[in-house]
$ cat run-v9.txt   # compact mmCIF, C-alpha atoms and all ligand atoms
# COMPACT_ATOMS: atom_id res chain seq x y z
CA MET A 1 0.00 0.00 0.00
CA THR A 2 1.22 3.49 -0.78
CA SER A 3 2.05 5.52 2.31
CA PRO A 4 -0.42 8.33 3.00
CA ASP A 5 2.62 10.43 4.04
CA ALA A 6 3.54 10.68 0.37
CA TRP A 7 0.42 12.73 -0.35
CA PRO A 8 -0.12 14.60 -2.61
CA PRO A 9 1.73 12.55 -5.24
CA ALA A 10 4.90 14.18 -6.53
CA ASP A 11 3.69 14.96 -10.03
CA SER A 12 0.14 15.96 -9.16
CA GLY A 13 0.97 19.64 -9.27
CA ALA A 14 2.87 19.42 -12.52
CA ALA A 15 1.56 21.66 -15.21
CA SER A 16 -0.83 19.55 -17.22
CA PRO A 17 -0.73 19.92 -20.96
CA ALA A 18 -3.70 21.91 -22.18
CA PRO A 19 -5.38 20.50 -25.27
CA SER A 20 -3.78 23.27 -27.30
CA ASP A 21 -0.35 21.98 -26.23
CA TYR A 22 -0.85 18.85 -28.24
CA ALA A 23 0.95 19.24 -31.52
CA GLU A 24 -1.61 20.23 -34.06
CA GLN A 25 -1.28 18.12 -37.13
CA ILE A 26 -2.33 20.23 -40.05
CA GLN A 27 -3.36 18.04 -42.93
CA PRO A 28 -2.75 18.96 -46.54
CA ALA A 29 -6.05 19.42 -48.36
CA GLY A 30 -7.37 16.19 -49.79
CA THR A 31 -5.58 13.89 -47.32
CA ALA A 32 -7.85 10.91 -46.82
CA ALA A 33 -7.11 9.88 -43.26
CA VAL A 34 -6.97 12.82 -40.90
CA PRO A 35 -5.00 11.87 -37.77
CA PRO A 36 -6.50 12.97 -34.47
CA LEU A 37 -5.31 16.22 -32.89
CA ALA A 38 -5.15 14.80 -29.38
CA PRO A 39 -5.22 11.41 -27.68
CA ALA A 40 -8.71 9.97 -27.16
CA LEU A 41 -7.95 10.13 -23.43
CA ALA A 42 -5.15 12.03 -21.74
CA VAL A 43 -4.70 11.75 -17.98
CA ARG A 44 -2.18 13.80 -15.99
CA GLY A 45 -1.36 13.44 -12.30
CA LEU A 46 -4.69 11.86 -11.42
CA ALA A 47 -4.95 11.10 -7.72
CA LYS A 48 -7.58 10.08 -5.19
CA ARG A 49 -7.47 9.26 -1.54
CA PHE A 50 -10.21 7.70 0.62
CA GLY A 51 -9.28 8.54 4.23
CA GLU A 52 -5.90 6.89 4.82
CA LYS A 53 -6.15 4.80 1.67
CA ILE A 54 -4.47 6.22 -1.43
CA ALA A 55 -6.44 4.59 -4.21
CA VAL A 56 -4.83 6.43 -7.17
CA ASN A 57 -1.42 7.99 -6.81
CA GLY A 58 -0.60 10.30 -9.70
CA VAL A 59 -1.61 8.38 -12.80
CA ASN A 60 -0.49 9.59 -16.24
CA LEU A 61 -1.90 7.93 -19.33
CA ASP A 62 -2.27 8.65 -23.03
CA VAL A 63 -4.75 6.53 -24.91
CA PRO A 64 -4.20 7.01 -28.66
CA ALA A 65 -7.31 7.69 -30.73
CA GLY A 66 -8.35 4.55 -32.59
CA SER A 67 -6.73 2.18 -30.10
CA PHE A 68 -8.18 -0.77 -28.24
CA TYR A 69 -6.68 -0.12 -24.83
CA GLY A 70 -6.61 -2.59 -21.93
CA LEU A 71 -6.26 -1.54 -18.32
CA VAL A 72 -5.12 -4.38 -16.10
CA GLY A 73 -4.14 -4.64 -12.46
CA PRO A 74 -4.70 -6.72 -9.34
CA ASN A 75 -7.76 -6.36 -7.14
CA GLY A 76 -7.77 -2.98 -5.46
CA ALA A 77 -5.15 -1.55 -7.86
CA GLY A 78 -7.19 1.59 -8.55
CA LYS A 79 -8.61 0.76 -11.98
CA THR A 80 -12.25 1.53 -11.22
CA THR A 81 -11.31 4.66 -9.26
CA SER A 82 -9.13 5.88 -12.15
CA LEU A 83 -11.79 5.19 -14.77
CA SER A 84 -14.49 6.82 -12.63
CA MET A 85 -12.39 9.98 -12.38
CA ALA A 86 -11.49 9.85 -16.08
CA THR A 87 -15.15 9.67 -17.09
CA GLY A 88 -16.49 12.41 -14.84
CA LEU A 89 -18.18 10.11 -12.30
CA LEU A 90 -15.83 10.72 -9.36
CA ARG A 91 -14.11 14.03 -8.67
CA PRO A 92 -10.30 13.66 -8.48
CA ASP A 93 -8.32 15.15 -5.59
CA TYR A 94 -5.61 16.08 -8.09
CA GLY A 95 -5.00 15.86 -11.78
CA GLN A 96 -6.68 16.53 -15.08
CA VAL A 97 -8.34 14.51 -17.79
CA TRP A 98 -9.07 15.33 -21.43
CA VAL A 99 -11.22 13.41 -23.85
CA HIS A 100 -10.25 14.28 -27.41
CA GLY A 101 -8.83 17.51 -26.05
CA VAL A 102 -11.91 18.42 -23.98
CA ASP A 103 -11.31 18.88 -20.26
CA VAL A 104 -13.62 16.38 -18.52
CA TRP A 105 -13.96 18.35 -15.31
CA ALA A 106 -14.01 21.86 -16.80
CA GLN A 107 -16.34 21.03 -19.72
CA PRO A 108 -18.26 17.98 -18.49
CA LEU A 109 -21.19 18.24 -20.92
CA GLU A 110 -18.98 18.48 -24.00
CA ALA A 111 -16.72 15.70 -22.73
CA LYS A 112 -19.58 13.36 -21.82
CA ARG A 113 -21.10 13.79 -25.25
CA LEU A 114 -17.95 12.16 -26.64
CA MET A 115 -18.00 9.24 -24.23
CA GLY A 116 -19.92 6.05 -23.67
CA VAL A 117 -19.33 4.55 -20.26
CA LEU A 118 -20.01 1.15 -18.76
CA PRO A 119 -19.27 1.72 -15.08
CA ASP A 120 -18.60 -1.10 -12.65
CA GLY A 121 -21.24 -1.66 -10.00
CA VAL A 122 -23.29 1.47 -10.67
CA ARG A 123 -27.03 0.82 -10.28
CA LEU A 124 -29.19 1.07 -13.34
CA PHE A 125 -32.82 2.16 -13.45
CA ASP A 126 -33.74 -1.48 -13.14
CA ARG A 127 -37.50 -1.00 -12.86
CA LEU A 128 -37.47 -0.20 -16.57
CA THR A 129 -37.55 -2.95 -19.19
CA GLY A 130 -34.37 -3.49 -21.19
CA GLU A 131 -35.91 -1.70 -24.16
CA GLN A 132 -37.07 1.23 -22.02
CA LEU A 133 -33.65 1.58 -20.39
CA VAL A 134 -31.75 1.85 -23.69
CA THR A 135 -34.45 4.14 -25.11
CA TYR A 136 -34.14 6.34 -22.02
CA ALA A 137 -30.34 6.49 -22.47
CA GLY A 138 -30.83 7.68 -26.08
CA LEU A 139 -33.47 10.31 -25.23
CA LEU A 140 -31.30 11.55 -22.36
CA ARG A 141 -28.58 12.16 -24.95
CA GLY A 142 -30.98 14.42 -26.88
CA MET A 143 -31.56 12.03 -29.77
CA ASP A 144 -34.86 12.01 -31.66
CA ARG A 145 -37.33 9.19 -30.98
CA GLU A 146 -37.17 7.68 -34.46
CA THR A 147 -33.37 7.34 -34.45
CA VAL A 148 -33.47 6.00 -30.90
CA ALA A 149 -36.09 3.36 -31.78
CA GLY A 150 -34.03 2.12 -34.73
CA ARG A 151 -30.81 1.95 -32.76
CA VAL A 152 -32.48 0.28 -29.75
CA ALA A 153 -33.75 -2.50 -32.01
CA ASP A 154 -30.26 -2.89 -33.57
CA LEU A 155 -28.54 -2.96 -30.19
CA LEU A 156 -30.98 -5.43 -28.62
CA ARG A 157 -30.42 -7.72 -31.60
CA ALA A 158 -26.62 -7.36 -31.40
CA MET A 159 -26.70 -8.16 -27.67
CA ASP A 160 -29.07 -11.11 -28.22
CA LEU A 161 -31.67 -9.46 -25.98
CA THR A 162 -34.56 -8.99 -28.42
CA ASN A 163 -36.62 -11.70 -26.74
CA ASP A 164 -36.03 -10.08 -23.34
CA ALA A 165 -36.71 -6.52 -24.47
CA GLY A 166 -39.92 -6.38 -22.40
CA THR A 167 -38.42 -7.91 -19.23
CA LEU A 168 -37.61 -5.62 -16.30
CA VAL A 169 -33.85 -5.12 -15.92
CA VAL A 170 -34.16 -6.09 -12.24
CA ASP A 171 -35.11 -9.58 -13.48
CA TYR A 172 -32.12 -9.83 -15.85
CA SER A 173 -29.18 -12.14 -15.07
CA ALA A 174 -25.79 -10.55 -14.31
CA GLY A 175 -24.61 -11.08 -17.90
CA MET A 176 -27.82 -9.71 -19.41
CA THR A 177 -27.53 -6.65 -17.16
CA LYS A 178 -23.97 -6.12 -18.38
CA LYS A 179 -25.13 -6.31 -22.00
CA ILE A 180 -28.05 -3.91 -21.57
CA ALA A 181 -25.73 -1.44 -19.81
CA LEU A 182 -23.31 -1.75 -22.72
CA ALA A 183 -26.15 -1.10 -25.18
CA SER A 184 -27.05 2.03 -23.20
CA ALA A 185 -23.42 3.19 -23.46
CA LEU A 186 -23.38 2.71 -27.25
CA ILE A 187 -26.71 4.29 -28.24
CA HIS A 188 -25.32 7.78 -29.01
CA ALA A 189 -22.38 6.43 -31.05
CA PRO A 190 -19.66 7.95 -28.83
CA LYS A 191 -16.07 8.52 -29.99
CA LEU A 192 -14.62 6.91 -26.86
CA LEU A 193 -15.99 3.88 -25.04
CA VAL A 194 -14.83 3.25 -21.47
CA LEU A 195 -15.84 -0.20 -20.27
CA ASP A 196 -15.13 -1.42 -16.75
CA GLU A 197 -15.07 -5.24 -16.78
CA PRO A 198 -17.38 -5.57 -19.80
CA PHE A 199 -17.08 -9.36 -20.05
CA GLU A 200 -17.65 -10.23 -16.41
CA ALA A 201 -20.52 -12.76 -16.17
CA VAL A 202 -21.09 -12.64 -19.93
CA ASP A 203 -21.37 -16.05 -21.67
CA PRO A 204 -18.71 -16.96 -24.29
CA VAL A 205 -20.99 -16.54 -27.32
CA SER A 206 -22.21 -13.11 -26.18
CA ALA A 207 -18.62 -12.16 -25.30
CA ALA A 208 -17.48 -13.07 -28.83
CA ASN A 209 -20.37 -11.02 -30.30
CA ILE A 210 -19.46 -8.05 -28.11
CA ARG A 211 -15.80 -8.35 -29.12
CA ASP A 212 -16.86 -8.24 -32.78
CA ILE A 213 -18.95 -5.13 -32.14
CA LEU A 214 -16.02 -3.47 -30.35
CA HIS A 215 -13.51 -4.39 -33.08
CA ASP A 216 -15.83 -2.98 -35.76
CA TYR A 217 -16.19 0.15 -33.67
CA VAL A 218 -12.40 0.55 -33.42
CA ASP A 219 -11.95 -0.22 -37.13
CA SER A 220 -14.36 2.62 -37.91
CA GLY A 221 -12.32 5.10 -35.88
CA GLY A 222 -13.65 4.72 -32.33
CA THR A 223 -11.47 4.14 -29.26
CA VAL A 224 -12.16 1.50 -26.61
CA ILE A 225 -10.74 1.30 -23.10
CA VAL A 226 -11.50 -1.90 -21.20
CA SER A 227 -10.47 -2.92 -17.74
CA SER A 228 -10.15 -6.65 -17.27
CA HIS A 229 -8.52 -9.30 -15.12
CA VAL A 230 -8.32 -11.74 -18.00
CA MET A 231 -4.81 -11.31 -19.41
CA ASP A 232 -5.29 -13.72 -22.27
CA LEU A 233 -8.33 -11.76 -23.42
CA VAL A 234 -6.49 -8.45 -23.21
CA GLN A 235 -3.48 -9.85 -25.08
CA ARG A 236 -5.71 -11.12 -27.90
CA MET A 237 -8.18 -8.23 -28.02
CA CYS A 238 -6.22 -5.06 -27.26
CA ASP A 239 -3.40 -3.31 -29.12
CA HIS A 240 -2.32 -1.20 -26.12
CA VAL A 241 -2.25 -1.94 -22.41
CA ALA A 242 -1.43 -0.28 -19.10
CA VAL A 243 -0.58 -2.23 -15.96
CA ILE A 244 -1.65 -0.50 -12.78
CA ALA A 245 -0.92 -1.51 -9.19
CA ASN A 246 -1.14 0.36 -5.89
CA GLY A 247 -2.58 3.34 -7.71
CA ASN A 248 0.42 3.71 -10.06
CA VAL A 249 1.00 2.87 -13.71
CA LEU A 250 3.81 0.28 -13.77
CA ALA A 251 3.98 -0.12 -17.54
CA ALA A 252 2.09 1.26 -20.53
CA GLY A 253 2.42 1.02 -24.29
CA THR A 254 1.56 -1.36 -27.07
CA VAL A 255 0.79 -4.88 -25.90
CA ASP A 256 4.00 -6.11 -27.54
CA GLU A 257 6.08 -3.44 -25.80
CA VAL A 258 4.61 -4.19 -22.39
CA ARG A 259 4.80 -7.99 -22.62
CA ALA A 260 8.36 -7.78 -23.99
CA GLY A 261 8.42 -11.26 -25.51
CA ALA A 262 6.68 -12.98 -22.61
CA SER A 263 2.97 -13.64 -22.27
CA LEU A 264 1.06 -10.70 -20.85
CA GLU A 265 0.09 -12.87 -17.89
CA ASP A 266 3.73 -13.71 -17.03
CA ARG A 267 4.75 -10.09 -17.48
CA PHE A 268 1.87 -8.98 -15.29
CA VAL A 269 2.88 -11.33 -12.47
CA GLN A 270 6.50 -10.19 -12.88
CA LEU A 271 5.53 -6.51 -12.63
CA VAL A 272 2.94 -6.81 -9.91
CA GLY A 273 4.40 -9.67 -7.84
CA GLY A 274 2.37 -10.99 -4.96
CA ARG A 275 2.32 -14.71 -5.78
CA ASN A 276 1.64 -16.48 -2.46
CA GLN A 277 2.53 -20.04 -1.55
CA ALA A 278 -0.42 -21.98 -0.18
CA GLU A 279 1.28 -22.09 3.23
CA GLY A 280 -0.90 -22.09 6.28
CA LEU A 281 -3.73 -23.88 4.50
CA GLU A 282 -2.54 -27.41 5.22
CA TRP A 283 -5.86 -28.01 6.97
CA LEU A 284 -7.55 -27.68 3.57
CA ARG A 285 -5.85 -30.79 2.22
CA THR A 286 -8.24 -33.70 2.17
CA SER A 287 -5.59 -36.42 1.97
N1 LIG B 1 -15.58 4.71 -2.00
C1 LIG B 1 -14.49 4.18 -1.47
N2 LIG B 1 -14.22 4.34 -0.15
C2 LIG B 1 -13.11 3.83 0.41
N3 LIG B 1 -12.17 3.14 -0.26
C3 LIG B 1 -12.38 2.94 -1.57
C4 LIG B 1 -13.54 3.44 -2.24
N4 LIG B 1 -13.46 3.10 -3.54
C5 LIG B 1 -12.31 2.40 -3.67
N5 LIG B 1 -11.67 2.31 -2.50
C6 LIG B 1 -10.37 1.65 -2.28
O1 LIG B 1 -9.47 2.12 -3.25
C7 LIG B 1 -8.65 1.06 -3.73
C8 LIG B 1 -8.80 0.95 -5.23
O2 LIG B 1 -10.10 0.45 -5.52
P1 LIG B 1 -10.61 0.23 -7.01
O3 LIG B 1 -12.03 -0.21 -6.91
O4 LIG B 1 -10.29 1.41 -7.81
O5 LIG B 1 -9.69 -0.98 -7.48
P2 LIG B 1 -9.78 -1.90 -8.77
O6 LIG B 1 -8.42 -1.93 -9.37
O7 LIG B 1 -10.91 -1.49 -9.63
O8 LIG B 1 -10.08 -3.32 -8.08
P3 LIG B 1 -10.85 -4.62 -8.62
O9 LIG B 1 -9.98 -5.21 -9.70
O10 LIG B 1 -10.89 -5.51 -7.41
O11 LIG B 1 -12.20 -4.22 -9.10
C9 LIG B 1 -9.09 -0.20 -2.95
O12 LIG B 1 -8.21 -0.37 -1.86
C10 LIG B 1 -10.46 0.13 -2.44
O13 LIG B 1 -10.73 -0.51 -1.23

$ encode --input "run-v9.txt" --output "structure tokens" --more "lines below"
Ligand SMILES: Nc1ncnc2c1ncn2[C@@H]1O[C@H](COP(=O)(O)OP(=O)(O)OP(=O)(O)O)[C@@H](O)[C@H]1O
Amino acid sequence: MTSPDAWPPADSGAASPAPSDYAEQIQPAGTAAVPPLAPALAVRGLAKRFGEKIAVNGVNLDVPAGSFYGLVGPNGAGKTTSLSMATGLLRPDYGQVWVHGVDVWAQPLEAKRLMGVLPDGVRLFDRLTGEQLVTYAGLLRGMDRETVAGRVADLLRAMDLTNDAGTLVVDYSAGMTKKIALASALIHAPKLLVLDEPFEAVDPVSAANIRDILHDYVDSGGTVIVSSHVMDLVQRMCDHVAVIANGNVLAAGTVDEVRAGASLEDRFVQLVGGRNQAEGLEWLRTS
């Protein structure tokens, strides 16, 4: 655990780069692919403390636009806290966050328009049916009813929830709830998707369908950030990854850079440590 005496984190007061500091890439007229002006997500000196517990200790991160970015770390590493602060759900003690150059905490409406978020453990309006919940998410985003209705039908189909469209979300299984929350995050076609544990409790067929949807989304220019504990999944699915532990980023870059020739799982264990022998549990042995 990070010592609370080391608070605030050393780089929390460092001047954060304003969006205008990102090198503007002026494109010659007629250039087909226009590279982004700023990372999809830029985080500088992000920090959060709960009483004595330092949950996030000066995190810096650049998520390139168009990347499929994995965020991995052990339990309690600070992933959910970091993502909550990055998406405007939890106010940071220190630090700044930009989404495509828009300051999340100074311009929350503009920033949230660009984002779709699947938070971990946040309660949904579960007395609505699945169809009503996704419709509500679209209307809340200011979309017209006709567009919303079309997209809701498409999303329910993609999530294999058409037959359960009229069921109350409170009666959904954990995996179905995850999928309907993901549909709600996608309805306004955001530029950046931030998904906290999107595959938890989701069956393998639905997970494969969701992966296809996310890959198509990235191929068409969107950016996805996923937190996950499943290293194999991150290694196969993501092109970039950050390893976070004790509220700090231990390594970040392309998946190949971070795993450095090893499997991501081995590299993760190497970076994070903490493998325990099963000592003291001799009483658990049955023979
Ligand atoms: N609201 C809170 N009040 C007090 N402590 C908190 C709160 N939220 C998080 N923490 C603590 O901050 C630390 C980081 O928690 P966080 O949920 O961000 O970790 P995580 O990496 O998402 O973990 P997991 O992989 O288990 O979901 C943990 O020690 C946790 O107990």

$ residues_around --input "run-v9.txt" --residues "A:Met115" --least-positions-apart "6" --cutoff "6 Å" --atoms "all atoms listed in the file" --output "PyMOL selection string"
chain A and resi 190+192-193

$ residues_around --input "run-v9.txt" --residues "A:Gly130" --least-positions-apart "5" --cutoff "10 Å" --atoms "all atoms listed in the file" --output "JSON, numbers by chain"
{"A": [125, 135, 136, 152, 156, 161, 162, 164, 165, 166, 167, 168, 169, 170, 171, 172, 176, 177, 179, 180, 181, 183, 184]}

$ atom_distance --input "run-v9.txt" --atom1 "atom CA of A:Leu114" --atom2 "atom CA of A:Lys191"
5.3 Å

$ residues_around --input "run-v9.txt" --residues "A:Lys79" --least-positions-apart "2" --cutoff "12 Å" --atoms "all atoms listed in the file" --output "NGL selection string"
:A and (46-48 or 55-57 or 59 or 70-77 or 81-86 or 119-120 or 194-197 or 225-229 or 242-249)

$ closest_residue --input "run-v9.txt" --among "A:His240, A:Asn60, A:Ala65, A:Pro198" --to "ligand LIG 1 (chain B)" --atoms "all atoms listed in the file"
A:Pro198

$ atom_distance --input "run-v9.txt" --atom1 "atom O13 of ligand LIG 1 (chain B)" --atom2 "atom CA of A:Gly121"
13.7 Å

$ closest_residue --input "run-v9.txt" --among "A:Ala158, A:Leu133, A:Glu200, A:Pro108" --to "ligand LIG 1 (chain B)" --atoms "only C-alpha atoms and all ligand atoms"
A:Glu200

$ axis_aligned_box --input "run-v9.txt" --around "ligand LIG 1 (chain B)" --padding-each-side "3 Å" --output "lines of an AutoDock Vina configuration file"
center_x = -11.9
center_y = -0.4
center_z = -4.6
size_x = 13.4
size_y = 16.2
size_z = 16.1

$ closest_residue --input "run-v9.txt" --among "A:Tyr69, A:Val43, A:Phe268, A:Gln132" --to "A:Arg145" --atoms "all atoms listed in the file"
A:Gln132

$ atom_distance --input "run-v9.txt" --atom1 "atom CA of A:Val224" --atom2 "atom CA of A:Phe68"
4.9 Å

$ closest_residue --input "run-v9.txt" --among "A:Asp203, A:Asp239, A:Glu279, A:Asp232" --to "A:Arg267" --atoms "all atoms listed in the file"
A:Asp232

$ closest_residue --input "run-v9.txt" --among "A:Leu281, A:Leu89, A:Ala174, A:Val102" --to "ligand LIG 1 (chain B)" --atoms "all atoms listed in the file"
A:Leu89

$ closest_residue --input "run-v9.txt" --among "A:Leu139, A:Leu155, A:Ile54, A:Leu109" --to "A:Pro92" --atoms "all atoms listed in the file"
A:Ile54

$ residues_around --input "run-v9.txt" --residues "A:Gly66" --least-positions-apart "3" --cutoff "10 Å" --atoms "only C-alpha atoms" --output "JSON, numbers by chain"
{"A": [35, 36, 39, 40, 63, 69, 191, 192, 217, 218, 219, 220, 221, 222, 223, 224, 239]}

$ residues_around --input "run-v9.txt" --residues "A:Asp103" --least-positions-apart "5" --cutoff "12 Å" --atoms "all atoms listed in the file" --output "PDB file with C-alpha atoms, in the coordinates of the input"
ATOM      1  CA  SER A  16      -0.830  19.550 -17.220  1.00  0.00           C
ATOM      2  CA  PRO A  17      -0.730  19.920 -20.960  1.00  0.00           C
ATOM      3  CA  ALA A  18      -3.700  21.910 -22.180  1.00  0.00           C
ATOM      4  CA  PRO A  19      -5.380  20.500 -25.270  1.00  0.00           C
ATOM      5  CA  SER A  20      -3.780  23.270 -27.300  1.00  0.00           C
ATOM      6  CA  ALA A  38      -5.150  14.800 -29.380  1.00  0.00           C
ATOM      7  CA  ALA A  40      -8.710   9.970 -27.160  1.00  0.00           C
ATOM      8  CA  LEU A  41      -7.950  10.130 -23.430  1.00  0.00           C
ATOM      9  CA  ALA A  42      -5.150  12.030 -21.740  1.00  0.00           C
ATOM     10  CA  VAL A  43      -4.700  11.750 -17.980  1.00  0.00           C
ATOM     11  CA  ARG A  44      -2.180  13.800 -15.990  1.00  0.00           C
ATOM     12  CA  MET A  85     -12.390   9.980 -12.380  1.00  0.00           C
ATOM     13  CA  ALA A  86     -11.490   9.850 -16.080  1.00  0.00           C
ATOM     14  CA  THR A  87     -15.150   9.670 -17.090  1.00  0.00           C
ATOM     15  CA  GLY A  88     -16.490  12.410 -14.840  1.00  0.00           C
ATOM     16  CA  GLY A  95      -5.000  15.860 -11.780  1.00  0.00           C
ATOM     17  CA  GLN A  96      -6.680  16.530 -15.080  1.00  0.00           C
ATOM     18  CA  VAL A  97      -8.340  14.510 -17.790  1.00  0.00           C
ATOM     19  CA  TRP A  98      -9.070  15.330 -21.430  1.00  0.00           C
ATOM     20  CA  PRO A 108     -18.260  17.980 -18.490  1.00  0.00           C
ATOM     21  CA  LEU A 109     -21.190  18.240 -20.920  1.00  0.00           C
ATOM     22  CA  GLU A 110     -18.980  18.480 -24.000  1.00  0.00           C
ATOM     23  CA  ALA A 111     -16.720  15.700 -22.730  1.00  0.00           C
ATOM     24  CA  LYS A 112     -19.580  13.360 -21.820  1.00  0.00           C
ATOM     25  CA  LEU A 114     -17.950  12.160 -26.640  1.00  0.00           C
TER      26      LEU A 114
END

$ build_atoms --input "run-v9.txt" --residues "stretch 86-98 of chain A" --atoms "N, CA and C atoms" --output "short mmCIF file (atom, residue, chain, number, x, y, z; two decimals), keeping the file's coordinate frame"
data_model
loop_
_atom_site.label_atom_id
_atom_site.label_comp_id
_atom_site.auth_asym_id
_atom_site.auth_seq_id
_atom_site.Cartn_x
_atom_site.Cartn_y
_atom_site.Cartn_z
N ALA A 86 -11.74 9.50 -14.67
CA ALA A 86 -11.49 9.85 -16.08
C ALA A 86 -12.78 10.11 -16.84
N THR A 87 -13.89 9.53 -16.36
CA THR A 87 -15.15 9.67 -17.09
C THR A 87 -16.12 10.64 -16.43
N GLY A 88 -15.65 11.36 -15.43
CA GLY A 88 -16.49 12.41 -14.84
C GLY A 88 -17.46 11.89 -13.79
N LEU A 89 -17.26 10.67 -13.30
CA LEU A 89 -18.18 10.11 -12.30
C LEU A 89 -17.70 10.35 -10.87
N LEU A 90 -16.40 10.54 -10.70
CA LEU A 90 -15.83 10.72 -9.36
C LEU A 90 -14.81 11.85 -9.43
N ARG A 91 -14.99 12.86 -8.58
CA ARG A 91 -14.11 14.03 -8.67
C ARG A 91 -12.70 13.69 -8.14
N PRO A 92 -11.67 13.96 -8.94
CA PRO A 92 -10.30 13.66 -8.48
C PRO A 92 -9.87 14.65 -7.38
N ASP A 93 -8.95 14.22 -6.53
CA ASP A 93 -8.32 15.15 -5.59
C ASP A 93 -7.31 16.01 -6.34
N TYR A 94 -6.60 15.38 -7.26
CA TYR A 94 -5.61 16.08 -8.09
C TYR A 94 -5.68 15.54 -9.51
N GLY A 95 -5.17 16.34 -10.41
CA GLY A 95 -5.00 15.86 -11.78
C GLY A 95 -6.04 16.36 -12.75
N GLN A 96 -5.78 16.10 -14.01
CA GLN A 96 -6.68 16.53 -15.08
C GLN A 96 -6.87 15.43 -16.11
N VAL A 97 -7.99 15.52 -16.78
CA VAL A 97 -8.34 14.51 -17.79
C VAL A 97 -8.92 15.22 -19.01
N TRP A 98 -8.47 14.82 -20.19
CA TRP A 98 -9.07 15.33 -21.43
C TRP A 98 -9.56 14.17 -22.28
#
